[in-house]
Amino acid sequence: RFRFARTQPRSPAASQTGPVLPATKHAGSRRAILGCSRNWLQNRRLAIFPFRLFLGAYAVSYNSRIIREQIRMTETAFVSVEEQLLANRFIDDGYITTPADDRAGLDRIQRRAAELAADFLQLPQPNDPRDLLDNIHDRVAVADLNALRMHVITGLNAEPWLRPTYFRLARSTIETIVGNELCMQRRVNLSIQLPGDDSSLLATHSDVWSGDSPFEVVVWVPLVDVRGTKEMYLLSPSLNGEMQDRMASLRSAEELYRTIEPHVTFIDIPYGH
């Protein structure tokens, strides 16, 4: 018989078998599995794995059947070509940069963050929120930076509209690469980097080291244009496994960074993405 199956579930809770197609004559317990070409997160298009089906006198001529099945699957695909390419890019590169789905919602978050920053700094409410945030280093001392950050974080998370708005910024992308059976952390965080300030830099890390789920997707939203020294960096998935295996031999996060530095990708992200 033929059945659809995911080779790797989205998460342990989401593991399930897809629809079962009618069994073929004399199929018995022999199965021809149609599975994801790499895994469900990477490739939600179903692709045919190689198989053989020899059942005595009922030797099935299955090449034509495979062709017909491929045509049927193309005609009834649940994801578009664009969605498939997006999912593949996420798995291959480890990240995706896309325009915000809800630009008005992003502007609202940026404006509220700027208002909260101005309130902490005892400045007039800004006419240009991006200018205030982009030049915040001219208005706050490094010693006061964390207090400013916590003031903005507390104020943003007090807004009942923040979490649904934040989700809408990347909803189409998240649902393409993960699905729509989702949970979201309760509080949005904020990182502020000042020029020449080493005290606010995050050491090289992976969120799973702190107990986060390996099935999660992190959505970073810049409130200003991110380029040059504002950029964050990632190590490609193709090298990540190798570096993880070497962790025991590395003595610090700084040594880890020096090891991966030639291979990391710095991500330029314009505001609005």
# chains A, B, ... in the order shown; residues from 1 in each chain; ligands from 1
>>> residues_around(residues="Phe90 in chain A", least_positions_apart="5", cutoff="12 Å", atoms="only C-alpha atoms", output="ChimeraX atom specification")
/A:41-43,83-85,95-98,173-174,176-178,217-218,236-237
>>> write_last_selection(atoms="N, CA, C and O atoms", output="PDB file, in the first residue's frame")
ATOM      1  N   LEU A  41      10.342  20.124   8.371  1.00  0.00           N
ATOM      2  CA  LEU A  41      10.646  21.537   8.518  1.00  0.00           C
ATOM      3  C   LEU A  41      11.304  22.091   7.264  1.00  0.00           C
ATOM      4  O   LEU A  41      11.088  23.223   6.875  1.00  0.00           O
ATOM      5  N   GLN A  42      12.135  21.262   6.628  1.00  0.00           N
ATOM      6  CA  GLN A  42      12.894  21.738   5.495  1.00  0.00           C
ATOM      7  C   GLN A  42      12.096  21.726   4.211  1.00  0.00           C
ATOM      8  O   GLN A  42      12.200  22.611   3.392  1.00  0.00           O
ATOM      9  N   ASN A  43      11.285  20.683   4.031  1.00  0.00           N
ATOM     10  CA  ASN A  43      10.742  20.473   2.702  1.00  0.00           C
ATOM     11  C   ASN A  43       9.359  19.864   2.829  1.00  0.00           C
ATOM     12  O   ASN A  43       9.214  18.687   3.033  1.00  0.00           O
ATOM     13  N   GLU A  83       6.751  28.938  -1.436  1.00  0.00           N
ATOM     14  CA  GLU A  83       6.837  28.454  -0.060  1.00  0.00           C
ATOM     15  C   GLU A  83       7.876  27.351   0.070  1.00  0.00           C
ATOM     16  O   GLU A  83       8.618  27.283   1.058  1.00  0.00           O
ATOM     17  N   GLN A  84       7.944  26.484  -0.933  1.00  0.00           N
ATOM     18  CA  GLN A  84       8.922  25.409  -0.906  1.00  0.00           C
ATOM     19  C   GLN A  84      10.346  25.953  -0.917  1.00  0.00           C
ATOM     20  O   GLN A  84      11.219  25.511  -0.162  1.00  0.00           O
ATOM     21  N   LEU A  85      10.588  26.939  -1.768  1.00  0.00           N
ATOM     22  CA  LEU A  85      11.915  27.546  -1.860  1.00  0.00           C
ATOM     23  C   LEU A  85      12.285  28.248  -0.556  1.00  0.00           C
ATOM     24  O   LEU A  85      13.433  28.213  -0.119  1.00  0.00           O
ATOM     25  N   TYR A  95      18.671  30.808   8.360  1.00  0.00           N
ATOM     26  CA  TYR A  95      17.913  32.035   8.631  1.00  0.00           C
ATOM     27  C   TYR A  95      17.240  32.506   7.350  1.00  0.00           C
ATOM     28  O   TYR A  95      17.590  32.089   6.247  1.00  0.00           O
ATOM     29  N   ILE A  96      16.248  33.387   7.514  1.00  0.00           N
ATOM     30  CA  ILE A  96      15.565  34.011   6.392  1.00  0.00           C
ATOM     31  C   ILE A  96      15.358  35.481   6.738  1.00  0.00           C
ATOM     32  O   ILE A  96      14.991  35.807   7.874  1.00  0.00           O
ATOM     33  N   THR A  97      15.598  36.363   5.794  1.00  0.00           N
ATOM     34  CA  THR A  97      15.254  37.774   5.942  1.00  0.00           C
ATOM     35  C   THR A  97      14.119  38.083   4.977  1.00  0.00           C
ATOM     36  O   THR A  97      14.269  37.905   3.771  1.00  0.00           O
ATOM     37  N   THR A  98      12.987  38.530   5.516  1.00  0.00           N
ATOM     38  CA  THR A  98      11.825  38.807   4.678  1.00  0.00           C
ATOM     39  C   THR A  98      11.198  40.137   5.077  1.00  0.00           C
ATOM     40  O   THR A  98      11.320  40.570   6.232  1.00  0.00           O
ATOM     41  N   THR A 173       5.647  33.747   7.009  1.00  0.00           N
ATOM     42  CA  THR A 173       6.913  33.014   6.970  1.00  0.00           C
ATOM     43  C   THR A 173       6.940  31.909   8.019  1.00  0.00           C
ATOM     44  O   THR A 173       7.333  30.779   7.740  1.00  0.00           O
ATOM     45  N   ILE A 174       6.517  32.230   9.230  1.00  0.00           N
ATOM     46  CA  ILE A 174       6.512  31.230  10.299  1.00  0.00           C
ATOM     47  C   ILE A 174       5.628  30.044   9.938  1.00  0.00           C
ATOM     48  O   ILE A 174       6.013  28.878  10.102  1.00  0.00           O
ATOM     49  N   THR A 176       4.822  29.033   7.048  1.00  0.00           N
ATOM     50  CA  THR A 176       5.380  28.282   5.925  1.00  0.00           C
ATOM     51  C   THR A 176       6.464  27.315   6.381  1.00  0.00           C
ATOM     52  O   THR A 176       6.499  26.162   5.968  1.00  0.00           O
ATOM     53  N   ILE A 177       7.351  27.764   7.258  1.00  0.00           N
ATOM     54  CA  ILE A 177       8.493  26.929   7.624  1.00  0.00           C
ATOM     55  C   ILE A 177       8.249  26.079   8.858  1.00  0.00           C
ATOM     56  O   ILE A 177       8.970  25.099   9.092  1.00  0.00           O
ATOM     57  N   VAL A 178       7.233  26.413   9.673  1.00  0.00           N
ATOM     58  CA  VAL A 178       6.971  25.665  10.900  1.00  0.00           C
ATOM     59  C   VAL A 178       5.591  25.027  10.888  1.00  0.00           C
ATOM     60  O   VAL A 178       5.422  23.874  11.269  1.00  0.00           O
ATOM     61  N   VAL A 217      11.630  28.601  16.359  1.00  0.00           N
ATOM     62  CA  VAL A 217      12.141  29.573  15.401  1.00  0.00           C
ATOM     63  C   VAL A 217      12.189  30.927  16.106  1.00  0.00           C
ATOM     64  O   VAL A 217      11.213  31.333  16.742  1.00  0.00           O
ATOM     65  N   VAL A 218      13.326  31.608  16.033  1.00  0.00           N
ATOM     66  CA  VAL A 218      13.501  32.907  16.682  1.00  0.00           C
ATOM     67  C   VAL A 218      13.245  34.004  15.655  1.00  0.00           C
ATOM     68  O   VAL A 218      13.788  33.973  14.556  1.00  0.00           O
ATOM     69  N   SER A 236      26.583  28.733   9.729  1.00  0.00           N
ATOM     70  CA  SER A 236      25.709  27.972   8.832  1.00  0.00           C
ATOM     71  C   SER A 236      25.408  26.592   9.409  1.00  0.00           C
ATOM     72  O   SER A 236      26.236  26.003  10.113  1.00  0.00           O
ATOM     73  N   PRO A 237      24.227  26.036   9.116  1.00  0.00           N
ATOM     74  CA  PRO A 237      23.891  24.692   9.600  1.00  0.00           C
ATOM     75  C   PRO A 237      24.891  23.632   9.158  1.00  0.00           C
ATOM     76  O   PRO A 237      25.103  22.650   9.872  1.00  0.00           O
TER      77      PRO A 237
END
>>> residues_around(residues="Met150 in chain A", least_positions_apart="6", cutoff="12 Å", atoms="only C-alpha atoms", output="PyMOL selection string")
chain A and resi 113+116-117+120+144+156-157+188-192
>>> atom_distance(atom1="CA of Val140 in chain A", atom2="CA of Ser200 in chain A")
13.5 Å
>>> closest_residue(among="A:Arg108, A:Arg139, A:Arg149, A:Arg130", to="Thr165 in chain A", atoms="only C-alpha atoms")
A:Arg108
>>> residues_around(residues="Ala253 in chain A", least_positions_apart="5", cutoff="8 Å", atoms="only C-alpha atoms", output="VMD selection string")
chain A and resid 203 to 205
>>> write_last_selection(atoms="C-alpha atoms", output="mmCIF file, in the first residue's frame")
data_model
loop_
_atom_site.group_PDB
_atom_site.id
_atom_site.type_symbol
_atom_site.label_atom_id
_atom_site.label_comp_id
_atom_site.auth_asym_id
_atom_site.auth_seq_id
_atom_site.Cartn_x
_atom_site.Cartn_y
_atom_site.Cartn_z
ATOM 1 C CA ALA A 203 28.820 35.975 23.669
ATOM 2 C CA THR A 204 28.609 33.329 20.971
ATOM 3 C CA HIS A 205 25.783 31.024 21.962
#
>>> residues_around(residues="Asn135 in chain A", least_positions_apart="5", cutoff="12 Å", atoms="only C-alpha atoms", output="JSON list (two decimals) with C-alpha atoms, in the first residue's frame")
[["chain", "number", "residue", "atom", "x", "y", "z"],
["A", 114, "ALA", "CA", 10.90, 55.36, 20.95],
["A", 117, "ALA", "CA", 13.00, 55.62, 25.50],
["A", 118, "ALA", "CA", 12.17, 59.33, 25.37],
["A", 128, "ASP", "CA", 11.01, 60.74, 14.12],
["A", 129, "PRO", "CA", 11.12, 57.50, 16.15],
["A", 130, "ARG", "CA", 13.78, 55.90, 13.96],
["A", 140, "VAL", "CA", 22.41, 57.67, 27.10],
["A", 192, "ILE", "CA", 20.54, 47.57, 22.48],
["A", 193, "GLN", "CA", 24.06, 47.84, 21.11],
["A", 194, "LEU", "CA", 26.01, 51.09, 21.48],
["A", 195, "PRO", "CA", 29.09, 51.91, 19.38],
["A", 223, "LEU", "CA", 13.87, 48.80, 14.91],
["A", 224, "VAL", "CA", 16.53, 50.58, 12.82],
["A", 225, "ASP", "CA", 18.60, 49.70, 9.75]]
>>> residues_around(residues="range 266-273 of chain A", least_positions_apart="5", cutoff="8 Å", atoms="only C-alpha atoms", output="MDAnalysis selection string")
chainID A and resid 97:100 103 106 221:228 231:234
>>> closest_residue(among="A:Leu239, A:Gln110, A:Gly179, A:Asp212", to="Asp134 in chain A", atoms="only C-alpha atoms")
A:Gln110
>>> select_by_dssp(residues="range 126-173 of chain A", states="alpha helix (DSSP H)", output="number ranges by chain")
A: 129-134, 145-157, 162-169, 171-173
>>> select_by_dssp(residues="range 174-248 of chain A", states="strand (DSSP E or B)", output="ChimeraX atom specification")
/A:226,232-234
>>> closest_residue(among="A:Thr154, A:Ser172, A:Asn127, A:Gln122", to="Glu82 in chain A", atoms="only C-alpha atoms")
A:Ser172
>>> closest_residue(among="A:Met247, A:Ala143, A:Val219, A:Leu86", to="Met184 in chain A", atoms="only C-alpha atoms")
A:Val219
>>> closest_residue(among="A:Glu159, A:Glu216, A:Thr259, A:Ala248", to="Glu181 in chain A", atoms="only C-alpha atoms")
A:Glu216
